[in-house]
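Data file: entry_14.pdb. Format and content: PDB, C-alpha atoms, pLDDT in the B column.
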MODEL        1
ATOM      1  CA  MET A1114       0.000   0.000   0.000  1.00 69.00           C
ATOM      2  CA  PRO A1115       1.532   3.343  -1.033  1.00 71.00           C
ATOM      3  CA  PRO A1116       2.073   5.902   1.709  1.00 80.00           C
ATOM      4  CA  ALA A1117      -0.605   8.543   2.181  1.00 91.00           C
ATOM      5  CA  PRO A1118       0.570  11.822   0.699  1.00 96.00           C
ATOM      6  CA  GLU A1119       1.082  14.912   2.792  1.00 97.00           C
ATOM      7  CA  ARG A1120      -0.958  17.873   1.524  1.00 98.00           C
ATOM      8  CA  LEU A1121      -0.629  21.635   1.498  1.00 98.00           C
ATOM      9  CA  THR A1122      -3.297  24.009   0.188  1.00 98.00           C
ATOM     10  CA  LEU A1123      -2.412  27.653  -0.407  1.00 98.00           C
ATOM     11  CA  PRO A1124      -3.748  30.598  -2.395  1.00 97.00           C
ATOM     12  CA  ALA A1125      -2.857  30.244  -6.084  1.00 96.00           C
ATOM     13  CA  ARG A1126      -0.449  33.162  -5.961  1.00 95.00           C
ATOM     14  CA  ILE A1127       3.110  33.723  -7.055  1.00 96.00           C
ATOM     15  CA  GLU A1128       4.005  34.242  -3.380  1.00 96.00           C
ATOM     16  CA  SER A1129       2.952  30.638  -2.683  1.00 97.00           C
ATOM     17  CA  VAL A1130       5.736  29.173  -4.838  1.00 98.00           C
ATOM     18  CA  ARG A1131       8.307  29.321  -2.051  1.00 98.00           C
ATOM     19  CA  PRO A1132       6.097  27.692   0.628  1.00 98.00           C
ATOM     20  CA  PHE A1133       5.100  24.950  -1.854  1.00 98.00           C
ATOM     21  CA  CYS A1134       8.780  24.301  -2.647  1.00 98.00           C
ATOM     22  CA  GLU A1135       9.718  24.254   1.040  1.00 98.00           C
ATOM     23  CA  PHE A1136       6.882  21.822   1.726  1.00 98.00           C
ATOM     24  CA  ALA A1137       7.978  19.480  -1.093  1.00 97.00           C
ATOM     25  CA  ARG A1138      11.602  19.649   0.100  1.00 97.00           C
ATOM     26  CA  SER A1139      10.446  18.772   3.613  1.00 96.00           C
ATOM     27  CA  VAL A1140       8.558  15.719   2.377  1.00 96.00           C
ATOM     28  CA  ALA A1141      11.484  14.759   0.130  1.00 95.00           C
ATOM     29  CA  SER A1142      14.030  15.035   2.951  1.00 91.00           C
ATOM     30  CA  GLY A1143      13.939  11.290   3.621  1.00 83.00           C
ATOM     31  CA  ALA A1144      14.465  10.317  -0.025  1.00 90.00           C
ATOM     32  CA  ASN A1145      18.178  11.199  -0.356  1.00 88.00           C
ATOM     33  CA  PHE A1146      17.903  13.789  -3.124  1.00 94.00           C
ATOM     34  CA  SER A1147      20.986  15.855  -3.894  1.00 94.00           C
ATOM     35  CA  ALA A1148      20.883  19.649  -3.674  1.00 94.00           C
ATOM     36  CA  GLU A1149      20.862  19.824  -7.488  1.00 94.00           C
ATOM     37  CA  GLU A1150      17.919  17.426  -7.680  1.00 95.00           C
ATOM     38  CA  LEU A1151      15.979  19.467  -5.123  1.00 95.00           C
ATOM     39  CA  ASP A1152      16.639  22.573  -7.216  1.00 95.00           C
ATOM     40  CA  ARG A1153      15.078  20.786 -10.224  1.00 94.00           C
ATOM     41  CA  LEU A1154      12.110  19.826  -8.044  1.00 96.00           C
ATOM     42  CA  ASP A1155      11.704  23.504  -7.120  1.00 96.00           C
ATOM     43  CA  LEU A1156      11.739  24.392 -10.819  1.00 94.00           C
ATOM     44  CA  LEU A1157       8.950  21.913 -11.573  1.00 95.00           C
ATOM     45  CA  ILE A1158       6.770  23.212  -8.775  1.00 96.00           C
ATOM     46  CA  GLU A1159       7.456  26.837  -9.695  1.00 96.00           C
ATOM     47  CA  GLU A1160       6.485  26.319 -13.342  1.00 93.00           C
ATOM     48  CA  ILE A1161       3.217  24.621 -12.446  1.00 95.00           C
ATOM     49  CA  VAL A1162       2.181  26.935  -9.589  1.00 96.00           C
ATOM     50  CA  VAL A1163       2.976  30.106 -11.562  1.00 94.00           C
ATOM     51  CA  ASN A1164       0.810  28.869 -14.440  1.00 92.00           C
ATOM     52  CA  ILE A1165      -2.038  28.097 -12.048  1.00 95.00           C
ATOM     53  CA  ALA A1166      -1.696  31.526 -10.426  1.00 94.00           C
ATOM     54  CA  ARG A1167      -1.711  33.339 -13.772  1.00 91.00           C
ATOM     55  CA  TYR A1168      -4.133  31.336 -15.889  1.00 91.00           C
ATOM     56  CA  ALA A1169      -6.356  28.877 -13.998  1.00 93.00           C
ATOM     57  CA  TYR A1170      -8.885  31.303 -12.587  1.00 94.00           C
ATOM     58  CA  ASP A1171     -11.035  33.995 -14.215  1.00 88.00           C
ATOM     59  CA  ARG A1172      -9.117  36.602 -12.244  1.00 87.00           C
ATOM     60  CA  PRO A1173      -5.417  35.820 -11.750  1.00 82.00           C
ATOM     61  CA  GLU A1174      -4.342  34.764  -8.270  1.00 79.00           C
ATOM     62  CA  THR A1175      -7.875  34.341  -6.883  1.00 87.00           C
ATOM     63  CA  GLY A1176      -8.206  30.592  -6.291  1.00 95.00           C
ATOM     64  CA  GLU A1177      -6.285  27.911  -4.459  1.00 97.00           C
ATOM     65  CA  ALA A1178      -3.800  25.231  -5.371  1.00 98.00           C
ATOM     66  CA  GLU A1179      -3.066  22.015  -3.498  1.00 98.00           C
ATOM     67  CA  LEU A1180       0.188  20.074  -3.537  1.00 98.00           C
ATOM     68  CA  ALA A1181       0.213  16.442  -2.414  1.00 98.00           C
ATOM     69  CA  CYS A1182       3.599  14.707  -1.958  1.00 97.00           C
ATOM     70  CA  ALA A1183       4.750  11.304  -0.787  1.00 96.00           C
ATOM     71  CA  VAL A1184       8.054   9.472  -0.777  1.00 95.00           C
ATOM     72  CA  VAL A1185       7.264   6.245  -2.632  1.00 93.00           C
ATOM     73  CA  GLY A1186      10.728   4.707  -2.606  1.00 90.00           C
ATOM     74  CA  PRO A1187      14.400   5.567  -2.337  1.00 90.00           C
ATOM     75  CA  GLY A1188      14.965   8.653  -4.446  1.00 92.00           C
ATOM     76  CA  ARG A1189      11.370   8.661  -5.697  1.00 94.00           C
ATOM     77  CA  LEU A1190       8.686  11.208  -4.900  1.00 96.00           C
ATOM     78  CA  SER A1191       5.054  11.177  -6.021  1.00 96.00           C
ATOM     79  CA  LEU A1192       3.488  14.610  -6.524  1.00 97.00           C
ATOM     80  CA  GLU A1193       0.094  15.909  -7.522  1.00 98.00           C
ATOM     81  CA  ILE A1194      -0.836  19.550  -7.983  1.00 98.00           C
ATOM     82  CA  ALA A1195      -4.530  20.404  -8.145  1.00 98.00           C
ATOM     83  CA  ASP A1196      -6.612  23.526  -8.698  1.00 97.00           C
ATOM     84  CA  SER A1197     -10.292  24.307  -9.163  1.00 96.00           C
ATOM     85  CA  GLY A1198      -9.773  26.664 -12.075  1.00 96.00           C
ATOM     86  CA  ARG A1199     -11.036  26.319 -15.617  1.00 94.00           C
ATOM     87  CA  ALA A1200     -10.400  22.949 -17.239  1.00 95.00           C
ATOM     88  CA  PHE A1201      -7.023  22.903 -18.973  1.00 92.00           C
ATOM     89  CA  ASN A1202      -4.870  19.967 -19.954  1.00 93.00           C
ATOM     90  CA  PRO A1203      -1.336  21.345 -20.386  1.00 89.00           C
ATOM     91  CA  LEU A1204      -0.222  18.068 -21.968  1.00 85.00           C
ATOM     92  CA  GLN A1205      -2.348  18.775 -25.048  1.00 85.00           C
ATOM     93  CA  ARG A1206      -0.199  21.752 -26.012  1.00 71.00           C
ATOM     94  CA  ASN A1207       2.027  21.272 -28.994  1.00 66.00           C
ATOM     95  CA  PRO A1208       5.675  21.282 -27.993  1.00 65.00           C
ATOM     96  CA  PRO A1209       7.477  24.532 -28.746  1.00 60.00           C
ATOM     97  CA  ASP A1210       9.415  24.674 -32.000  1.00 60.00           C
ATOM     98  CA  LEU A1211      12.930  24.993 -30.644  1.00 62.00           C
ATOM     99  CA  SER A1212      14.369  25.223 -34.146  1.00 64.00           C
ATOM    100  CA  GLN A1213      12.985  28.771 -34.424  1.00 63.00           C
ATOM    101  CA  GLY A1214      14.572  31.776 -32.804  1.00 66.00           C
ATOM    102  CA  LEU A1215      12.923  33.189 -29.698  1.00 64.00           C
ATOM    103  CA  ALA A1216      11.522  36.178 -31.613  1.00 66.00           C
ATOM    104  CA  ASP A1217       9.903  33.862 -34.195  1.00 62.00           C
ATOM    105  CA  ARG A1218       8.353  31.350 -31.771  1.00 57.00           C
ATOM    106  CA  ILE A1219       4.733  31.350 -30.663  1.00 60.00           C
ATOM    107  CA  PRO A1220       4.757  32.415 -26.979  1.00 57.00           C
ATOM    108  CA  GLY A1221       4.045  29.837 -24.309  1.00 59.00           C
ATOM    109  CA  GLY A1222       4.645  26.160 -23.864  1.00 59.00           C
ATOM    110  CA  LEU A1223       8.254  26.211 -22.677  1.00 65.00           C
ATOM    111  CA  GLY A1224       7.291  25.684 -19.026  1.00 72.00           C
ATOM    112  CA  ILE A1225       5.285  22.504 -19.587  1.00 81.00           C
ATOM    113  CA  PHE A1226       7.957  21.316 -22.037  1.00 78.00           C
ATOM    114  CA  LEU A1227      10.506  21.721 -19.243  1.00 81.00           C
ATOM    115  CA  VAL A1228       8.239  19.896 -16.782  1.00 85.00           C
ATOM    116  CA  GLN A1229       7.786  17.040 -19.283  1.00 85.00           C
ATOM    117  CA  ASN A1230      11.563  16.745 -19.622  1.00 85.00           C
ATOM    118  CA  ILE A1231      12.230  16.549 -15.885  1.00 89.00           C
ATOM    119  CA  ALA A1232       9.203  14.765 -14.428  1.00 91.00           C
ATOM    120  CA  GLU A1233       8.456  11.094 -14.895  1.00 91.00           C
ATOM    121  CA  SER A1234       5.019   9.737 -15.806  1.00 89.00           C
ATOM    122  CA  LEU A1235       3.342  13.120 -16.071  1.00 92.00           C
ATOM    123  CA  ALA A1236      -0.445  12.751 -16.267  1.00 95.00           C
ATOM    124  CA  TYR A1237      -3.422  15.111 -16.308  1.00 96.00           C
ATOM    125  CA  ARG A1238      -7.011  14.387 -15.385  1.00 97.00           C
ATOM    126  CA  ARG A1239     -10.095  16.455 -14.658  1.00 97.00           C
ATOM    127  CA  GLU A1240     -11.766  15.162 -11.520  1.00 97.00           C
ATOM    128  CA  GLY A1241     -15.064  16.889 -10.824  1.00 96.00           C
ATOM    129  CA  GLU A1242     -14.251  20.585 -10.900  1.00 95.00           C
ATOM    130  CA  ARG A1243     -10.514  20.095 -10.344  1.00 97.00           C
ATOM    131  CA  ASN A1244      -7.481  19.940 -12.614  1.00 98.00           C
ATOM    132  CA  MET A1245      -5.089  17.259 -11.366  1.00 98.00           C
ATOM    133  CA  LEU A1246      -1.498  17.116 -12.642  1.00 97.00           C
ATOM    134  CA  SER A1247       0.364  14.080 -11.280  1.00 97.00           C
ATOM    135  CA  PHE A1248       3.965  13.024 -11.731  1.00 96.00           C
ATOM    136  CA  TYR A1249       6.956  11.337 -10.161  1.00 96.00           C
ATOM    137  CA  PHE A1250      10.253  12.996  -9.438  1.00 95.00           C
ATOM    138  CA  CYS A1251      13.202  10.632  -9.301  1.00 93.00           C
ATOM    139  CA  ALA A1252      16.790  10.921  -8.086  1.00 88.00           C
ATOM    140  CA  GLY A1253      19.301  10.780 -10.899  1.00 80.00           C
ATOM    141  CA  ALA A1254      16.806  12.067 -13.471  1.00 63.00           C
ATOM    142  CA  THR A1255      18.271  14.600 -15.850  1.00 53.00           C
ATOM    143  CA  THR A1256      16.701  16.728 -18.502  1.00 46.00           C
ATOM    144  CA  GLY A1257      16.473  15.070 -21.872  1.00 46.00           C
ATOM    145  CA  ALA A1258      13.758  13.532 -23.990  1.00 41.00           C
ATOM    146  CA  PRO A1259      10.309  13.634 -22.420  1.00 42.00           C
ATOM    147  CA  ARG A1260       9.512  10.630 -20.297  1.00 44.00           C
ATOM    148  CA  SER A1261       6.189   8.858 -20.446  1.00 43.00           C
ATOM    149  CA  PHE A1262       3.199  11.156 -20.091  1.00 41.00           C
ATOM    150  CA  ASN A1263      -0.464  10.926 -20.879  1.00 44.00           C
ATOM    151  CA  GLN A1264      -2.618  13.308 -22.803  1.00 42.00           C
TER     152      GLN A1264
ENDMDL
END
Translate the structure described by the file into structure tokens.
Amino acid sequence: MPPAPERLTLPARIESVRPFCEFARSVASGANFSAEELDRLDLLIEEIVVNIARYAYDRPETGEAELACAVVGPGRLSLEIADSGRAFNPLQRNPPDLSQGLADRIPGGLGIFLVQNIAESLAYRREGERNMLSFYFCAGATTGAPRSFNQ
């Protein structure tokens, strides 16, 4: 039986990024992540929480976000970030065209592309009125080709 995740619910605001990261680091403390790996975990959480704060709700920074974390094995963390904003599956976005220069690219999409390249088994689902983005973060993972994810 997997361990019950610890949960933290905060306003979906930019200012909540740091407390969410500190919470995830606290949960991850028993999983033997290196400082560099924890920095990558912070980056994942920041990308997702900032997007929720800016885009999930009709008025930016007006709703809540919830982070659930559990250590599920040595160097392996299960995470789920949820919000009650408008339905949006970030995994349905086309990947950014990195062959184009920054000035020629369509804005947006780099954050979820980064998340897809760091997280393992990224999955989205709409459960009732909530967006649920689930993934694993694993020790030794490096950026590279996207790992398995569902659309």
The PyMOL selection byres ((chain A and resi 1153) around 10) applied to the shown file, residues as a PDB file with C-alpha atoms, in the frame of the given file:
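The result, written out as out25.pdb:
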ATOM      1  CA  SER A1147      20.986  15.855  -3.894  1.00 94.00           C
ATOM      2  CA  ALA A1148      20.883  19.649  -3.674  1.00 94.00           C
ATOM      3  CA  GLU A1149      20.862  19.824  -7.488  1.00 94.00           C
ATOM      4  CA  GLU A1150      17.919  17.426  -7.680  1.00 95.00           C
ATOM      5  CA  LEU A1151      15.979  19.467  -5.123  1.00 95.00           C
ATOM      6  CA  ASP A1152      16.639  22.573  -7.216  1.00 95.00           C
ATOM      7  CA  LEU A1154      12.110  19.826  -8.044  1.00 96.00           C
ATOM      8  CA  ASP A1155      11.704  23.504  -7.120  1.00 96.00           C
ATOM      9  CA  LEU A1156      11.739  24.392 -10.819  1.00 94.00           C
ATOM     10  CA  LEU A1157       8.950  21.913 -11.573  1.00 95.00           C
ATOM     11  CA  ILE A1158       6.770  23.212  -8.775  1.00 96.00           C
ATOM     12  CA  GLU A1159       7.456  26.837  -9.695  1.00 96.00           C
ATOM     13  CA  VAL A1228       8.239  19.896 -16.782  1.00 85.00           C
ATOM     14  CA  ILE A1231      12.230  16.549 -15.885  1.00 89.00           C
ATOM     15  CA  ALA A1232       9.203  14.765 -14.428  1.00 91.00           C
ATOM     16  CA  PHE A1250      10.253  12.996  -9.438  1.00 95.00           C
ATOM     17  CA  ALA A1254      16.806  12.067 -13.471  1.00 63.00           C
ATOM     18  CA  THR A1255      18.271  14.600 -15.850  1.00 53.00           C
ATOM     19  CA  THR A1256      16.701  16.728 -18.502  1.00 46.00           C
TER      20      THR A1256
END
Counting all atoms listed in the file, the option among A:Ala1236, A:Cys1134, A:Ala1200, A:Ala1183 closest to A:Tyr1170:
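Closest to A:Tyr1170, using all atoms listed in the file: A:Ala1200.
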Report as a count of residues only the residues that result from applying the PyMOL selection byres ((chain A and resi 1119-1131) around 6) to the structure here.
15
What does the distance from atom CA of A:Ser1197 to atom CA of A:Ser1142 come to in Å, to one decimal?
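Atom-to-atom, atom CA of A:Ser1197 to atom CA of A:Ser1142, that is 28.7 Å.
The smallest atom-to-atom distance between A:Ala1144 and any of A:Pro1173, A:Gly1188, A:Gly1198, A:Pro1116, using all atoms listed in the file, is found for A:Gly1188.
Across A:Met1245, A:Tyr1237, A:Ala1117, A:Asn1145, the tightest approach to A:Arg1189 is made by A:Asn1145 when counting all atoms listed in the file.
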